[in-house]
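In what follows, a structure is listed as structure tokens, so that the remarks can point back to it.
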Amino acid sequence: MSRLSDTQTGFAHAVFNADAAVPEGIVSHLRRQPRKRFGVYRNNVYVSLISVLEGRFPVVSRLLGEDFFKATARVFVEHHPPTSPVLMRYGGGFSEFLETFEPVADLPWLADVARLEWAWNLAYHAADKDPVAPEALAAIEPASAGSLVFELHPAVQLVRSAFPVVSIWSEHSKDGEPEHIDAGAGGEDGLIVRPGIAVEVRHLPRGGAAFISALAGGKTLGEAAEVALDEEASFDLQANLAGLIASGAIAGLRPA
Amino acid sequence: MESKTRKMTSLAIASAFAASVAAVGATPAVAADDMVKCYGIAKKGENDCKAGPGTSCSGSSTVDYQGNAWKLVKKGTCTQVSTPFGPGSLTCLATRPTGQNYQCG
């Protein structure tokens with residue numbers, strides 16, 4: 001007698017493998033046609049997951065056009081079915097998939113756009129937390145600032161790219177005809193924050209991403225500034241710190 | 001233990017900190033009236049049961065979409081972004097960028 005888990009595994013395998021035989025025990029009211037009926041079921045699974053990806057990667061979809069995006073998403077769904085029952089976690093591997101997907105190889109910046117949209121999704125679903133109050137910052141003795149350790153907001157995400165990913169994303173997130181963008185114009189790093197309920201994407205100044213990831217890794221303000229200066233000699237601590245505070249990316253701080 | 005030469009003195013950090021706190025001032029990052037909690041904000045397509053076009057019987061077709069998908073062209077806005085390989089294509093490019101030949105139909 002077959003166990004329930006075997007039945008489920010066999011069923012799931014058949015859903016995501018178009019060539020697989022109809023799973024054992026599937027019957028239809030038209031006795032001759034269980035394959036056709038199972039095909040309807042399989043397609044509904046695909047259609048729903050493709051529609052999740054379309055909602056999650058609207059800019060990638062706009063860039064490729066609806067038909068091309070759906071066909072791309074279908075291949076992704078087939079090779080990367082959900083591993084969690086929670087749909088908001090589906091699509092995490094889409095950018096890596098695009099990196100190796102031949103039909104979009106002439107758009108080398110596309111995977112980074114997908115990475116930004118996934119980061120947007122993570123920020124959207126991150127825990128709520130109030131950014132640090134201005135009074136708390138004003139109460140800090142500046143002389144001790146170098147040894148402060150920051151707690152970043154749970155929604156904070158960084159996306160670093162060798163392409164102008166923030167410009168491509170923002171130009172194609174707006175209504176209307178997008179402006180022309182030169183993908184060779186140099187890399188851009190983005191900071192994704194959600195201080196309230198609205199997700200914001202900000203273009204970071206040079207060295208900003210190294211600075212923020214050092215802070216996220218538990219480095220003190222002084223150490224993080226050194227890391228950023230090592231990467232980018234023109235790093236401006238004051239401008240970057242002011243931007244970080246203003247964007248609501250800091251949730252707390254304490255002496256090291 | 002600090003072995004390498006520091007590029008920023010603690011004085012420079014202190015003044016940058018003080019200036020950035022002053023620059024941001026007393027404006028909270030989130031205005032109180034922006035904070036409206038609401039329900040029903042699940043993104044499209046992410047409710048468990050999506051009824052409507054496309055979810056009923058369209059799978060009864062036996063055509064394998066994947067097999068001919070790459071005869072499709074990118075009709076989106078990708079041509080607005082130029083790349084080292086040239087602009088995004090409106091037609092299937094069989095040999096770009098790797099020289100490998102995939103079917104254009």
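Each chain in the structure tokens gets a letter, A, B, ..., in the order shown, and its residues are numbered from 1; ligands are numbered from 1 in order too.
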Select, as a PDB file with N, CA and C atoms, in the first residue's frame, those residues of chain A with any atom no more than 6 Å from chain B (distances computed using only C-alpha atoms).
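Result written to result.pdb:
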```
ATOM      1  N   LYS A  36      -5.609  14.518 -20.130  1.00  0.00           N
ATOM      2  CA  LYS A  36      -6.088  15.843 -20.494  1.00  0.00           C
ATOM      3  C   LYS A  36      -6.496  16.632 -19.241  1.00  0.00           C
ATOM      4  N   GLY A  39      -3.579  17.695 -17.333  1.00  0.00           N
ATOM      5  CA  GLY A  39      -2.932  18.813 -18.026  1.00  0.00           C
ATOM      6  C   GLY A  39      -3.555  20.146 -17.634  1.00  0.00           C
ATOM      7  N   VAL A  40      -4.875  20.163 -17.437  1.00  0.00           N
ATOM      8  CA  VAL A  40      -5.552  21.389 -17.008  1.00  0.00           C
ATOM      9  C   VAL A  40      -5.065  21.777 -15.609  1.00  0.00           C
ATOM     10  N   ASN A  43      -1.544  23.105 -15.784  1.00  0.00           N
ATOM     11  CA  ASN A  43      -1.481  24.452 -16.341  1.00  0.00           C
ATOM     12  C   ASN A  43      -1.931  25.504 -15.322  1.00  0.00           C
ATOM     13  N   ASN A  44      -2.940  25.168 -14.528  1.00  0.00           N
ATOM     14  CA  ASN A  44      -3.393  26.122 -13.514  1.00  0.00           C
ATOM     15  C   ASN A  44      -2.295  26.407 -12.497  1.00  0.00           C
ATOM     16  N   SER A  51       1.885  34.176 -12.718  1.00  0.00           N
ATOM     17  CA  SER A  51       1.251  35.440 -12.359  1.00  0.00           C
ATOM     18  C   SER A  51       1.860  36.035 -11.081  1.00  0.00           C
ATOM     19  N   VAL A  52       2.303  35.176 -10.176  1.00  0.00           N
ATOM     20  CA  VAL A  52       3.029  35.669  -8.994  1.00  0.00           C
ATOM     21  C   VAL A  52       4.323  36.352  -9.449  1.00  0.00           C
ATOM     22  N   ARG A  62       8.021  44.378 -17.988  1.00  0.00           N
ATOM     23  CA  ARG A  62       7.860  45.482 -18.940  1.00  0.00           C
ATOM     24  C   ARG A  62       9.013  45.529 -19.937  1.00  0.00           C
ATOM     25  N   LEU A  63      10.221  45.248 -19.427  1.00  0.00           N
ATOM     26  CA  LEU A  63      11.397  45.281 -20.296  1.00  0.00           C
ATOM     27  C   LEU A  63      11.325  44.208 -21.378  1.00  0.00           C
ATOM     28  N   LEU A  64      10.828  43.026 -20.999  1.00  0.00           N
ATOM     29  CA  LEU A  64      10.801  41.921 -21.957  1.00  0.00           C
ATOM     30  C   LEU A  64       9.534  41.902 -22.799  1.00  0.00           C
ATOM     31  N   GLY A  65       8.484  42.534 -22.300  1.00  0.00           N
ATOM     32  CA  GLY A  65       7.180  42.407 -22.946  1.00  0.00           C
ATOM     33  C   GLY A  65       6.460  41.210 -22.346  1.00  0.00           C
ATOM     34  N   PHE A  68       6.993  37.429 -23.827  1.00  0.00           N
ATOM     35  CA  PHE A  68       8.348  36.924 -23.611  1.00  0.00           C
ATOM     36  C   PHE A  68       8.581  36.662 -22.124  1.00  0.00           C
ATOM     37  N   ALA A  71       6.770  33.455 -21.040  1.00  0.00           N
ATOM     38  CA  ALA A  71       7.461  32.258 -21.528  1.00  0.00           C
ATOM     39  C   ALA A  71       8.727  32.001 -20.710  1.00  0.00           C
ATOM     40  N   ASP A 106      21.560  38.754 -24.262  1.00  0.00           N
ATOM     41  CA  ASP A 106      21.931  40.050 -24.831  1.00  0.00           C
ATOM     42  C   ASP A 106      21.505  41.222 -23.937  1.00  0.00           C
ATOM     43  N   PRO A 134      15.005  61.340  15.921  1.00  0.00           N
ATOM     44  CA  PRO A 134      16.020  62.392  15.785  1.00  0.00           C
ATOM     45  C   PRO A 134      16.593  62.823  17.141  1.00  0.00           C
ATOM     46  N   PRO A 142      29.093  63.708  20.065  1.00  0.00           N
ATOM     47  CA  PRO A 142      29.793  63.483  18.790  1.00  0.00           C
ATOM     48  C   PRO A 142      31.186  62.864  18.955  1.00  0.00           C
ATOM     49  N   ALA A 143      31.877  63.192  20.036  1.00  0.00           N
ATOM     50  CA  ALA A 143      33.236  62.670  20.215  1.00  0.00           C
ATOM     51  C   ALA A 143      33.252  61.152  20.305  1.00  0.00           C
ATOM     52  N   ALA A 145      31.107  59.242  18.608  1.00  0.00           N
ATOM     53  CA  ALA A 145      30.363  58.709  17.457  1.00  0.00           C
ATOM     54  C   ALA A 145      31.117  57.599  16.724  1.00  0.00           C
ATOM     55  N   GLY A 146      32.456  57.708  16.674  1.00  0.00           N
ATOM     56  CA  GLY A 146      33.240  56.732  15.918  1.00  0.00           C
ATOM     57  C   GLY A 146      33.088  55.309  16.425  1.00  0.00           C
ATOM     58  N   HIS A 180      15.807  56.934 -22.907  1.00  0.00           N
ATOM     59  CA  HIS A 180      16.889  56.036 -23.285  1.00  0.00           C
ATOM     60  C   HIS A 180      17.979  56.035 -22.209  1.00  0.00           C
ATOM     61  N   ILE A 181      18.492  54.842 -21.898  1.00  0.00           N
ATOM     62  CA  ILE A 181      19.540  54.714 -20.884  1.00  0.00           C
ATOM     63  C   ILE A 181      20.716  53.966 -21.492  1.00  0.00           C
ATOM     64  N   ASP A 182      21.908  54.455 -21.231  1.00  0.00           N
ATOM     65  CA  ASP A 182      23.113  53.781 -21.706  1.00  0.00           C
ATOM     66  C   ASP A 182      23.587  52.810 -20.633  1.00  0.00           C
ATOM     67  N   ALA A 183      23.482  51.516 -20.930  1.00  0.00           N
ATOM     68  CA  ALA A 183      23.847  50.504 -19.930  1.00  0.00           C
ATOM     69  C   ALA A 183      25.337  50.532 -19.614  1.00  0.00           C
ATOM     70  N   GLY A 196       8.190  53.393   6.627  1.00  0.00           N
ATOM     71  CA  GLY A 196       6.788  53.271   7.018  1.00  0.00           C
ATOM     72  C   GLY A 196       6.186  52.072   6.323  1.00  0.00           C
ATOM     73  N   GLN A 238      29.887  62.498   5.833  1.00  0.00           N
ATOM     74  CA  GLN A 238      28.773  63.327   6.284  1.00  0.00           C
ATOM     75  C   GLN A 238      27.545  63.167   5.383  1.00  0.00           C
ATOM     76  N   ALA A 242      24.111  61.374   6.640  1.00  0.00           N
ATOM     77  CA  ALA A 242      22.875  62.170   6.611  1.00  0.00           C
ATOM     78  C   ALA A 242      21.813  61.468   5.758  1.00  0.00           C
ATOM     79  N   ALA A 246      18.249  60.146   7.054  1.00  0.00           N
ATOM     80  CA  ALA A 246      17.041  60.708   6.432  1.00  0.00           C
ATOM     81  C   ALA A 246      16.175  59.640   5.779  1.00  0.00           C
ATOM     82  N   SER A 247      16.807  58.549   5.321  1.00  0.00           N
ATOM     83  CA  SER A 247      16.027  57.516   4.645  1.00  0.00           C
ATOM     84  C   SER A 247      15.350  56.576   5.632  1.00  0.00           C
ATOM     85  N   GLY A 248      15.604  56.749   6.914  1.00  0.00           N
ATOM     86  CA  GLY A 248      14.961  55.886   7.910  1.00  0.00           C
ATOM     87  C   GLY A 248      15.588  54.516   7.986  1.00  0.00           C
TER      88      GLY A 248
END
```
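Every residue of range 29-212 of chain A found in strand (DSSP E) when DSSP is run on the backbone appears here: A:Leu148, A:Val149, A:Phe150, A:Glu151, A:Leu152, A:Gln157, A:Leu158, A:Val159, A:Arg160, A:Ser161, A:Ile181, A:Asp182, A:Glu188, A:Asp189, A:Gly190, A:Leu191, A:Ile192, A:Val193, A:Glu200, A:Val201, A:Arg202, A:His203.
Close contacts of Asp112 in chain A, defined as residues with an atom at most 8 Å away when counting only C-alpha atoms, with chain neighbours fewer than 4 positions off set aside, comprise Ser95, Leu116, Val159, Ser161, Phe163 and Val165 of chain A.
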Output C-alpha atoms of each residue in that selection to a file, as a short mmCIF file (atom, residue, chain, number, x, y, z; two decimals), in the first residue's frame.
```cif
data_model
loop_
_atom_site.label_atom_id
_atom_site.label_comp_id
_atom_site.auth_asym_id
_atom_site.auth_seq_id
_atom_site.Cartn_x
_atom_site.Cartn_y
_atom_site.Cartn_z
CA SER A 95 17.76 36.78 -10.97
CA LEU A 116 16.50 44.93 -7.25
CA VAL A 159 21.81 46.03 -4.51
CA SER A 161 25.51 46.49 -9.90
CA PHE A 163 25.14 48.56 -14.64
CA VAL A 165 20.37 49.40 -12.33
#
```
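One finds CA of Phe97 in chain A at 9.9 Å from CA of Ala114 in chain A.
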Requested in this report: Compile the contact shell of Tyr124 in chain A as a PyMOL selection string: residues with an atom at most 7 Å away, counting only C-alpha atoms, same-chain residues fewer than 3 positions apart removed.
Outcome: chain A and resi 120-121+194+199
Prev. selection, N, CA and C atoms, output as a PDB file, in the first residue's frame:
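Wrote result_38.pdb, looks like this:
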```pdb
ATOM      1  N   TRP A 120      13.213  44.673  -3.330  1.00  0.00           N
ATOM      2  CA  TRP A 120      12.011  45.483  -3.076  1.00  0.00           C
ATOM      3  C   TRP A 120      10.971  44.607  -2.371  1.00  0.00           C
ATOM      4  N   ASN A 121      10.810  43.381  -2.857  1.00  0.00           N
ATOM      5  CA  ASN A 121       9.845  42.452  -2.258  1.00  0.00           C
ATOM      6  C   ASN A 121      10.223  42.091  -0.824  1.00  0.00           C
ATOM      7  N   ARG A 194      12.188  50.875   3.808  1.00  0.00           N
ATOM      8  CA  ARG A 194      10.735  50.991   3.982  1.00  0.00           C
ATOM      9  C   ARG A 194      10.464  51.501   5.387  1.00  0.00           C
ATOM     10  N   VAL A 199       7.763  51.296   0.179  1.00  0.00           N
ATOM     11  CA  VAL A 199       9.147  50.953  -0.151  1.00  0.00           C
ATOM     12  C   VAL A 199       9.764  52.080  -0.976  1.00  0.00           C
TER      13      VAL A 199
END
```
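Each of A:Ile212, A:Leu98, A:Leu244, A:Ala233 was compared to Ala111 in chain A using only C-alpha atoms, and A:Leu98 turns out to be the nearest.
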Report summary line: Min atom-atom distance to Asp130 in chain A from the set A:Asp19, A:Leu241, A:Ile250, A:Leu4, counting only C-alpha atoms, belongs to A:Ile250
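The residue set within 12 Å of Lys174 in chain A, counting only C-alpha atoms and dropping same-chain residues fewer than 4 places from it, reads Pro58, Val59, Arg62, Ser167, Ile168, Trp169, Ser170, Pro178 and Glu179 of chain A.
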Requested in this report: Just give me the gap between CA of Glu223 in chain A and CA of Arg115 in chain A in Å, one decimal is fine.
Outcome: 27.8 Å
Query raised in the report: Could you pull the residues within 12 Å of Thr83 in chain A, counting only C-alpha atoms, minus those fewer than 6 positions along the same chain, as a VMD selection string?
Result: chain A and resid 12 77 89 to 93
Query - Test item, helix (DSSP H, G or I) assignment across range 167-252 of chain A, answer as a ChimeraX atom specification - result: /A:167-173,208-216,221-231,237-246
Restricting it to C-alpha atoms, dump the selection as a PDB file, in the first residue's frame.
```pdb
ATOM      1  CA  SER A 167      18.184  54.322 -13.315  1.00  0.00           C
ATOM      2  CA  ILE A 168      16.893  51.441 -15.437  1.00  0.00           C
ATOM      3  CA  TRP A 169      14.496  50.402 -12.683  1.00  0.00           C
ATOM      4  CA  SER A 170      13.163  53.868 -11.908  1.00  0.00           C
ATOM      5  CA  GLU A 171      12.804  54.855 -15.563  1.00  0.00           C
ATOM      6  CA  HIS A 172      10.794  51.715 -16.263  1.00  0.00           C
ATOM      7  CA  SER A 173       8.727  51.911 -13.052  1.00  0.00           C
ATOM      8  CA  GLY A 208      27.822  54.162   0.212  1.00  0.00           C
ATOM      9  CA  ALA A 209      27.129  50.474  -0.317  1.00  0.00           C
ATOM     10  CA  ALA A 210      30.469  49.446   1.222  1.00  0.00           C
ATOM     11  CA  PHE A 211      29.750  51.766   4.155  1.00  0.00           C
ATOM     12  CA  ILE A 212      26.261  50.390   4.775  1.00  0.00           C
ATOM     13  CA  SER A 213      27.238  46.749   4.413  1.00  0.00           C
ATOM     14  CA  ALA A 214      30.072  47.291   6.910  1.00  0.00           C
ATOM     15  CA  LEU A 215      27.572  48.812   9.350  1.00  0.00           C
ATOM     16  CA  ALA A 216      25.177  45.925   8.727  1.00  0.00           C
ATOM     17  CA  LEU A 221      30.891  53.945  12.469  1.00  0.00           C
ATOM     18  CA  GLY A 222      34.629  54.648  12.434  1.00  0.00           C
ATOM     19  CA  GLU A 223      35.480  51.213  11.015  1.00  0.00           C
ATOM     20  CA  ALA A 224      32.732  51.422   8.386  1.00  0.00           C
ATOM     21  CA  ALA A 225      34.007  54.822   7.257  1.00  0.00           C
ATOM     22  CA  GLU A 226      37.479  53.291   6.808  1.00  0.00           C
ATOM     23  CA  VAL A 227      36.061  50.409   4.764  1.00  0.00           C
ATOM     24  CA  ALA A 228      34.228  52.864   2.507  1.00  0.00           C
ATOM     25  CA  LEU A 229      37.321  55.054   2.086  1.00  0.00           C
ATOM     26  CA  ASP A 230      39.377  52.003   1.170  1.00  0.00           C
ATOM     27  CA  GLU A 231      36.940  51.264  -1.640  1.00  0.00           C
ATOM     28  CA  LEU A 237      30.974  60.387   5.439  1.00  0.00           C
ATOM     29  CA  GLN A 238      28.773  63.327   6.284  1.00  0.00           C
ATOM     30  CA  ALA A 239      26.638  63.090   3.142  1.00  0.00           C
ATOM     31  CA  ASN A 240      26.305  59.314   3.421  1.00  0.00           C
ATOM     32  CA  LEU A 241      25.408  59.375   7.099  1.00  0.00           C
ATOM     33  CA  ALA A 242      22.875  62.170   6.611  1.00  0.00           C
ATOM     34  CA  GLY A 243      21.326  60.214   3.748  1.00  0.00           C
ATOM     35  CA  LEU A 244      21.166  57.050   5.828  1.00  0.00           C
ATOM     36  CA  ILE A 245      19.454  58.853   8.717  1.00  0.00           C
ATOM     37  CA  ALA A 246      17.041  60.708   6.432  1.00  0.00           C
TER      38      ALA A 246
END
```
